[in-house]
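Report on the following structure.
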Amino acid sequence: MNRYLTLFLVFSAFILFACDTYKLIKDNNIYKKELSAPIKIEEGSNVVYKANVDLSVEKLSGLFVIFNADSLFKVSFISEMGIKFFDMTIDEEGYEFIYCMEPLDKRIILNTFANYFTALLQNPKYYKGDFYYDKKNTPVYKIKDNSNRRRYYYFEESIMNKIKTKRYLRNRFSIELFYNDKKHPEKIIFLQNIPDFKIEMNLI
Amino acid sequence: MNKILIAFLLLSAVLAAPAKSEFRPVQNEKEVGGKLDNMAKSLQSIQSNFHQERYIHFMNTSIDSEGKFWFKKENSLRWEYTSPFKYTVIINRGIVILSDHDGNANQFQVEGNKIFEQVNNIIVAAMSGDIVNNEDFEVQLLENNDYYLVKLKPLDKEVSKVVYEMEIFFEKSSLEIAKIKMNEPSDDYTLIRYSNRKINEPIPDSVFGL
């Protein structure tokens with residue numbers, strides 16, 4: 001019996017500390033007006049990021065080329081020397097891999113890339129959500145995405161600087177955005193714990 | 001009326017004449033193959049600038065970059081991008097070193113890294129020029145006024161999924177490699193043009209390290 005009580009207390013304490021507290025911002029509309037995708041690409045144009053990708057079993061570097069074709073985003077990952085790793089498309093309905101080099105063609109890896117770029121390219125306005133203040137009084141826009149994963153967009157002085165996603169109690173991944181007076185984030189760092197993935201992208 | 005006739009004749013003449021860039025099968029395949037083979041055998045090192053154009057059919061766009069490269073037989077390569085990003089790839093004695101502009105370096109063996117093994121095989125085959133008798137490819141020899149063109153189709157199924165066909169352009173005057181085009185099954189390609197080449201000049205071993 002004591003064992004169950006201890007387990008219950010440990011579990012309760014875990015929940016208590018694991019859950020962040022968020023307070024609804026009543027006048028949401030002021031913030032909602034400023035909502036846009038973290039990477040805003042004009043139709044018919046592209047952005048290129050130089051990236052280091054650490055997928056635990058595979059370490060790669062290359063270029064992510066992201067192209068906006070009439071609200072269909074096309075993402076290509078190629079090595080610096082020109083060898084293609086994958087081509088994918090993302091729109092409001094979901095994602096599709098057109099090509100993927102064999103060593104990367106694993107569901108867990110493809111899902112990670114897809115979730116990551118969906119969070120970067122989709123305008124959070126597409127989902128119903130509300131603005132909250134977190135513990136530090138930072139405005140946070142909270143949504144549930146297509147796969148029922150909670151996504152949190154953090155803002156500092158009306159600039160989005162972090163995205164976190166959660167599913168159940170686990171922190172699935174976080175994306176940090178760094179700006180330097182440029183139109184697009186100059187540096188983007190993606191971190192995921194289970195499995196350990198890290199992607200660092202620098203705008204070129 | 002005469003003006004129209006002259007214009008028509010001129011246009012016909014232009015259309016009838018073979019395009020300068022049109023490639024045709026090499027007449028004396030044995031002789032040209034022998035020349036290219038001798039050149040490959042005598043090649044000990046190359047230093048050159050390069051301009052790389054990566055065309056992505058999927059997006060109808062291309063990404064350009066440039067830098068310098070050094071190659072020394074048998075299998076030492078330094079590929080250094082200087083613009084629009086700084087990045088160095090060194091392949092030496094089966095070890096790959098990748099280094100970015102922040103000085104972060106990553107080192108691993110070619111063997112055991114599937115992706116890099118494939119990339120390495122293709123690039124070294126292209127750089128060394130040892131291609132005419134290469135058993136890893138189906139070889140086709142073509143020419144136009146300026147170039148000999150060697151088309152290589154990888155026989156390995158895994159490699160052909162990455163590079164469907166490789167085109168190596170040799171200048172007829174010097175038999176030096178002027179450009180390389182790597183075609184992918186998706187109609188994407190990478191075109192690398194070389195300039196300021198130095199052939200068989202000594203390259204210190206330190207170039208193939210950080």
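To be explicit about the labels: the chains of the structure tokens are called A, B, and onward in the order shown, and within each one the residues are counted from 1, while ligands get numbers from 1 in the order they are shown.
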
Q.
Based on the backbone DSSP call, show me all residues of stretch 34-164 of chain A assigned alpha helix (DSSP H), as a list in words.
A. Arg107, Ile108, Ile109, Leu110, Asn111, Thr112, Phe113, Ala114, Asn115, Tyr116, Phe117, Thr118, Ala119, Leu120 and Leu121 of chain A

Using only N, CA, C and O atoms, please write the residues we just selected to a file, as a PDB file, in the first residue's frame.
ATOM      1  N   ARG A 107      10.481   6.300 -40.927  1.00  0.00           N
ATOM      2  CA  ARG A 107       9.293   7.042 -40.496  1.00  0.00           C
ATOM      3  C   ARG A 107       9.604   8.072 -39.407  1.00  0.00           C
ATOM      4  O   ARG A 107       9.169   9.222 -39.479  1.00  0.00           O
ATOM      5  N   ILE A 108      10.396   7.660 -38.433  1.00  0.00           N
ATOM      6  CA  ILE A 108      10.670   8.549 -37.294  1.00  0.00           C
ATOM      7  C   ILE A 108      11.442   9.798 -37.758  1.00  0.00           C
ATOM      8  O   ILE A 108      11.200  10.912 -37.275  1.00  0.00           O
ATOM      9  N   ILE A 109      12.342   9.611 -38.727  1.00  0.00           N
ATOM     10  CA  ILE A 109      13.126  10.748 -39.236  1.00  0.00           C
ATOM     11  C   ILE A 109      12.248  11.651 -40.101  1.00  0.00           C
ATOM     12  O   ILE A 109      12.242  12.875 -39.947  1.00  0.00           O
ATOM     13  N   LEU A 110      11.461  11.040 -40.986  1.00  0.00           N
ATOM     14  CA  LEU A 110      10.605  11.839 -41.879  1.00  0.00           C
ATOM     15  C   LEU A 110       9.568  12.627 -41.080  1.00  0.00           C
ATOM     16  O   LEU A 110       9.310  13.800 -41.358  1.00  0.00           O
ATOM     17  N   ASN A 111       8.960  11.972 -40.068  1.00  0.00           N
ATOM     18  CA  ASN A 111       7.979  12.674 -39.227  1.00  0.00           C
ATOM     19  C   ASN A 111       8.608  13.873 -38.530  1.00  0.00           C
ATOM     20  O   ASN A 111       7.993  14.930 -38.396  1.00  0.00           O
ATOM     21  N   THR A 112       9.845  13.678 -38.073  1.00  0.00           N
ATOM     22  CA  THR A 112      10.528  14.775 -37.368  1.00  0.00           C
ATOM     23  C   THR A 112      10.714  15.964 -38.299  1.00  0.00           C
ATOM     24  O   THR A 112      10.384  17.098 -37.952  1.00  0.00           O
ATOM     25  N   PHE A 113      11.246  15.706 -39.504  1.00  0.00           N
ATOM     26  CA  PHE A 113      11.427  16.802 -40.464  1.00  0.00           C
ATOM     27  C   PHE A 113      10.079  17.459 -40.804  1.00  0.00           C
ATOM     28  O   PHE A 113       9.977  18.680 -40.891  1.00  0.00           O
ATOM     29  N   ALA A 114       9.054  16.624 -40.995  1.00  0.00           N
ATOM     30  CA  ALA A 114       7.742  17.156 -41.382  1.00  0.00           C
ATOM     31  C   ALA A 114       7.164  18.034 -40.272  1.00  0.00           C
ATOM     32  O   ALA A 114       6.683  19.145 -40.541  1.00  0.00           O
ATOM     33  N   ASN A 115       7.226  17.564 -39.020  1.00  0.00           N
ATOM     34  CA  ASN A 115       6.692  18.361 -37.904  1.00  0.00           C
ATOM     35  C   ASN A 115       7.450  19.672 -37.740  1.00  0.00           C
ATOM     36  O   ASN A 115       6.869  20.721 -37.470  1.00  0.00           O
ATOM     37  N   TYR A 116       8.737  19.574 -37.910  1.00  0.00           N
ATOM     38  CA  TYR A 116       9.607  20.736 -37.753  1.00  0.00           C
ATOM     39  C   TYR A 116       9.262  21.806 -38.788  1.00  0.00           C
ATOM     40  O   TYR A 116       8.986  22.965 -38.447  1.00  0.00           O
ATOM     41  N   PHE A 117       9.228  21.411 -40.064  1.00  0.00           N
ATOM     42  CA  PHE A 117       8.973  22.408 -41.106  1.00  0.00           C
ATOM     43  C   PHE A 117       7.512  22.866 -41.124  1.00  0.00           C
ATOM     44  O   PHE A 117       7.235  24.002 -41.502  1.00  0.00           O
ATOM     45  N   THR A 118       6.609  21.995 -40.686  1.00  0.00           N
ATOM     46  CA  THR A 118       5.213  22.430 -40.576  1.00  0.00           C
ATOM     47  C   THR A 118       5.123  23.560 -39.547  1.00  0.00           C
ATOM     48  O   THR A 118       4.480  24.584 -39.788  1.00  0.00           O
ATOM     49  N   ALA A 119       5.793  23.387 -38.416  1.00  0.00           N
ATOM     50  CA  ALA A 119       5.764  24.427 -37.373  1.00  0.00           C
ATOM     51  C   ALA A 119       6.405  25.720 -37.876  1.00  0.00           C
ATOM     52  O   ALA A 119       5.963  26.816 -37.518  1.00  0.00           O
ATOM     53  N   LEU A 120       7.421  25.596 -38.722  1.00  0.00           N
ATOM     54  CA  LEU A 120       8.114  26.802 -39.207  1.00  0.00           C
ATOM     55  C   LEU A 120       7.355  27.530 -40.312  1.00  0.00           C
ATOM     56  O   LEU A 120       7.445  28.742 -40.440  1.00  0.00           O
ATOM     57  N   LEU A 121       6.612  26.759 -41.120  1.00  0.00           N
ATOM     58  CA  LEU A 121       6.043  27.357 -42.333  1.00  0.00           C
ATOM     59  C   LEU A 121       4.550  27.658 -42.234  1.00  0.00           C
ATOM     60  O   LEU A 121       4.035  28.501 -42.967  1.00  0.00           O
TER      61      LEU A 121
END

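Once A:Ile25 and its same-chain neighbours fewer than 2 positions away are set aside, A:Lys23, A:Asp27, A:Asn28, A:Phe131, A:Tyr132, A:Tyr133 remain within 7 Å of it when counting only C-alpha atoms.
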
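Proximity of A:Lys162, A:Lys136, A:Lys40, A:Lys125 to A:Ser71, computed with only C-alpha atoms, is greatest for A:Lys40.
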
Q: Return as a ChimeraX atom specification the residues belonging to chain A that are within 12 Å of chain B, counting only C-alpha atoms.
A: /A:43-54,57-70,72-89,97-105,202-204

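Between atom CA of A:Ile175 and atom CA of A:Gln192 lies a distance of 9.0 Å.
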
Taking the backbone alone, and naming residues the way the document does, which bits of stretch 111-159 of chain A are strand (DSSP E) by DSSP, as a short mmCIF file (atom, residue, chain, number, x, y, z; two decimals) with all heavy atoms, in the first residue's frame?
data_model
loop_
_atom_site.label_atom_id
_atom_site.label_comp_id
_atom_site.auth_asym_id
_atom_site.auth_seq_id
_atom_site.Cartn_x
_atom_site.Cartn_y
_atom_site.Cartn_z
N GLY A 129 -6.93 29.13 -31.79
CA GLY A 129 -6.11 29.17 -30.58
C GLY A 129 -6.34 30.47 -29.83
O GLY A 129 -7.09 31.33 -30.29
N ASP A 130 -5.72 30.58 -28.68
CA ASP A 130 -5.84 31.79 -27.88
C ASP A 130 -4.48 32.20 -27.35
O ASP A 130 -3.57 31.39 -27.24
CB ASP A 130 -6.78 31.55 -26.71
CG ASP A 130 -8.24 31.71 -27.13
OD1 ASP A 130 -8.56 32.73 -27.76
OD2 ASP A 130 -9.02 30.78 -26.88
N PHE A 131 -4.40 33.48 -26.99
CA PHE A 131 -3.17 33.99 -26.37
C PHE A 131 -3.26 33.87 -24.86
O PHE A 131 -4.30 34.15 -24.26
CB PHE A 131 -2.94 35.44 -26.76
CG PHE A 131 -2.03 35.58 -27.96
CD1 PHE A 131 -2.56 35.76 -29.23
CD2 PHE A 131 -0.66 35.52 -27.80
CE1 PHE A 131 -1.72 35.88 -30.32
CE2 PHE A 131 0.18 35.64 -28.89
CZ PHE A 131 -0.35 35.83 -30.15
N TYR A 132 -2.15 33.45 -24.26
CA TYR A 132 -2.05 33.33 -22.80
C TYR A 132 -0.78 34.05 -22.35
O TYR A 132 0.13 34.28 -23.14
CB TYR A 132 -1.94 31.86 -22.39
CG TYR A 132 -3.16 31.03 -22.71
CD1 TYR A 132 -3.38 30.54 -24.00
CD2 TYR A 132 -4.10 30.73 -21.72
CE1 TYR A 132 -4.49 29.79 -24.30
CE2 TYR A 132 -5.22 29.97 -22.02
CZ TYR A 132 -5.41 29.50 -23.31
OH TYR A 132 -6.52 28.74 -23.60
N TYR A 133 -0.74 34.37 -21.04
CA TYR A 133 0.53 34.78 -20.42
C TYR A 133 1.09 33.57 -19.72
O TYR A 133 0.37 32.86 -19.02
CB TYR A 133 0.31 35.89 -19.39
CG TYR A 133 0.09 37.25 -20.00
CD1 TYR A 133 -1.03 38.01 -19.67
CD2 TYR A 133 1.04 37.81 -20.86
CE1 TYR A 133 -1.23 39.26 -20.22
CE2 TYR A 133 0.83 39.06 -21.41
CZ TYR A 133 -0.30 39.78 -21.09
OH TYR A 133 -0.48 41.01 -21.63
N PRO A 139 3.70 36.60 -23.69
CA PRO A 139 2.53 36.17 -24.47
C PRO A 139 2.82 34.87 -25.24
O PRO A 139 3.87 34.75 -25.87
CB PRO A 139 2.29 37.32 -25.45
CG PRO A 139 3.21 38.39 -25.06
CD PRO A 139 4.29 37.83 -24.19
N VAL A 140 1.90 33.95 -25.13
CA VAL A 140 2.05 32.64 -25.78
C VAL A 140 0.77 32.32 -26.53
O VAL A 140 -0.32 32.43 -25.98
CB VAL A 140 2.29 31.53 -24.73
CG1 VAL A 140 2.49 30.18 -25.42
CG2 VAL A 140 3.45 31.84 -23.82
N TYR A 141 0.92 31.96 -27.79
CA TYR A 141 -0.25 31.53 -28.57
C TYR A 141 -0.29 30.01 -28.56
O TYR A 141 0.69 29.35 -28.91
CB TYR A 141 -0.14 32.05 -30.01
CG TYR A 141 -1.39 31.82 -30.83
CD1 TYR A 141 -2.58 32.45 -30.49
CD2 TYR A 141 -1.37 31.00 -31.94
CE1 TYR A 141 -3.73 32.26 -31.26
CE2 TYR A 141 -2.51 30.79 -32.71
CZ TYR A 141 -3.69 31.44 -32.35
OH TYR A 141 -4.83 31.23 -33.10
N LYS A 142 -1.42 29.46 -28.12
CA LYS A 142 -1.51 28.01 -27.91
C LYS A 142 -2.53 27.41 -28.86
O LYS A 142 -3.67 27.89 -28.94
CB LYS A 142 -1.93 27.79 -26.45
CG LYS A 142 -1.96 26.38 -25.99
CD LYS A 142 -2.35 26.39 -24.50
CE LYS A 142 -3.01 25.10 -24.10
NZ LYS A 142 -3.58 25.17 -22.76
N ILE A 143 -2.11 26.37 -29.59
CA ILE A 143 -3.03 25.71 -30.53
C ILE A 143 -2.92 24.19 -30.39
O ILE A 143 -2.02 23.70 -29.70
CB ILE A 143 -2.69 26.06 -32.00
CG1 ILE A 143 -1.24 25.63 -32.34
CG2 ILE A 143 -2.92 27.52 -32.30
CD1 ILE A 143 -1.00 25.43 -33.80
N LYS A 144 -3.83 23.49 -31.04
CA LYS A 144 -3.67 22.04 -31.22
C LYS A 144 -3.53 21.81 -32.72
O LYS A 144 -4.38 22.25 -33.49
CB LYS A 144 -4.90 21.31 -30.70
CG LYS A 144 -4.72 20.81 -29.29
CD LYS A 144 -5.86 19.91 -28.89
CE LYS A 144 -5.71 19.51 -27.43
NZ LYS A 144 -6.83 18.70 -26.97
N ARG A 150 -0.08 19.74 -28.93
CA ARG A 150 -0.17 21.15 -28.54
C ARG A 150 1.05 21.90 -29.02
O ARG A 150 2.17 21.40 -28.90
CB ARG A 150 -0.27 21.26 -27.01
CG ARG A 150 -1.65 20.97 -26.50
CD ARG A 150 -1.74 21.38 -25.05
NE ARG A 150 -2.63 20.47 -24.36
CZ ARG A 150 -2.34 19.85 -23.23
NH1 ARG A 150 -1.17 20.03 -22.65
NH2 ARG A 150 -3.20 19.06 -22.66
N ARG A 151 0.82 23.07 -29.58
CA ARG A 151 1.94 23.87 -30.06
C ARG A 151 1.86 25.25 -29.39
O ARG A 151 0.79 25.86 -29.35
CB ARG A 151 1.85 24.02 -31.58
CG ARG A 151 3.19 23.94 -32.27
CD ARG A 151 3.07 24.24 -33.75
NE ARG A 151 2.55 23.14 -34.54
CZ ARG A 151 2.10 23.30 -35.79
NH1 ARG A 151 2.10 24.49 -36.36
NH2 ARG A 151 1.65 22.28 -36.46
N TYR A 152 2.97 25.72 -28.86
CA TYR A 152 3.02 27.01 -28.16
C TYR A 152 3.99 27.93 -28.88
O TYR A 152 5.14 27.57 -29.11
CB TYR A 152 3.53 26.83 -26.72
CG TYR A 152 2.71 25.88 -25.87
CD1 TYR A 152 2.84 24.51 -26.02
CD2 TYR A 152 1.82 26.37 -24.91
CE1 TYR A 152 2.10 23.64 -25.25
CE2 TYR A 152 1.07 25.50 -24.12
CZ TYR A 152 1.22 24.14 -24.29
OH TYR A 152 0.49 23.27 -23.53
N TYR A 153 3.50 29.11 -29.23
CA TYR A 153 4.34 30.11 -29.89
C TYR A 153 4.63 31.22 -28.89
O TYR A 153 3.71 31.88 -28.41
CB TYR A 153 3.63 30.71 -31.11
CG TYR A 153 3.34 29.69 -32.20
CD1 TYR A 153 2.18 28.92 -32.18
CD2 TYR A 153 4.22 29.50 -33.26
CE1 TYR A 153 1.90 27.99 -33.16
CE2 TYR A 153 3.95 28.58 -34.26
CZ TYR A 153 2.79 27.82 -34.21
OH TYR A 153 2.52 26.90 -35.19
N TYR A 154 5.89 31.42 -28.57
CA TYR A 154 6.29 32.42 -27.57
C TYR A 154 6.75 33.70 -28.27
O TYR A 154 7.43 33.64 -29.30
CB TYR A 154 7.44 31.89 -26.71
CG TYR A 154 7.05 30.75 -25.81
CD1 TYR A 154 6.88 29.47 -26.33
CD2 TYR A 154 6.82 30.95 -24.46
CE1 TYR A 154 6.50 28.41 -25.53
CE2 TYR A 154 6.45 29.89 -23.64
CZ TYR A 154 6.29 28.63 -24.18
OH TYR A 154 5.91 27.59 -23.38
N PHE A 155 6.40 34.81 -27.66
CA PHE A 155 6.73 36.11 -28.27
C PHE A 155 7.52 36.99 -27.30
O PHE A 155 7.32 36.92 -26.09
CB PHE A 155 5.44 36.87 -28.66
CG PHE A 155 4.73 36.22 -29.80
CD1 PHE A 155 3.94 35.10 -29.61
CD2 PHE A 155 4.86 36.73 -31.08
CE1 PHE A 155 3.29 34.50 -30.66
CE2 PHE A 155 4.21 36.12 -32.15
CZ PHE A 155 3.42 35.01 -31.94
N GLU A 156 8.41 37.79 -27.87
CA GLU A 156 9.09 38.80 -27.07
C GLU A 156 9.02 40.09 -27.86
O GLU A 156 9.52 40.14 -28.99
CB GLU A 156 10.54 38.39 -26.82
CG GLU A 156 11.17 39.20 -25.71
CD GLU A 156 12.60 38.73 -25.44
OE1 GLU A 156 12.79 37.53 -25.21
OE2 GLU A 156 13.49 39.59 -25.48
N ILE A 159 7.77 39.74 -31.31
CA ILE A 159 8.52 38.90 -32.26
C ILE A 159 8.53 37.46 -31.74
O ILE A 159 8.89 37.22 -30.59
CB ILE A 159 9.97 39.41 -32.43
CG1 ILE A 159 9.96 40.79 -33.09
CG2 ILE A 159 10.81 38.44 -33.27
CD1 ILE A 159 11.28 41.49 -33.09
#

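One distance worth recording is that between atom CA of B:Phe208 and atom CA of B:Ile180, which is 22.3 Å.
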
(Q) Which residues are near stretch 198-205 of chain B? Cut-off 6 Å, only C-alpha atoms, ignore same chain within fewer than 3 positions. Put them as a PyMOL selection string. (A) chain B and resi 44-47+208

Now that the selection is made, can you save its residues with C-alpha atoms as an mmCIF file, in the first residue's frame?
data_model
loop_
_atom_site.group_PDB
_atom_site.id
_atom_site.type_symbol
_atom_site.label_atom_id
_atom_site.label_comp_id
_atom_site.auth_asym_id
_atom_site.auth_seq_id
_atom_site.Cartn_x
_atom_site.Cartn_y
_atom_site.Cartn_z
ATOM 1 C CA GLN B 44 48.751 13.473 -60.209
ATOM 2 C CA SER B 45 47.051 16.566 -58.841
ATOM 3 C CA ILE B 46 44.608 19.362 -59.664
ATOM 4 C CA GLN B 47 44.093 22.741 -58.031
ATOM 5 C CA PHE B 208 44.322 17.704 -46.755
#

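Across the structure, atom CA of B:Asn104 and atom CA of A:Glu200 are spaced 12.4 Å apart.
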
(Q) Residues near B:Val32, anyone? I mean within 12 Å using only C-alpha atoms, not counting same-chain ones fewer than 5 positions away, as a count of residues only. (A) 18
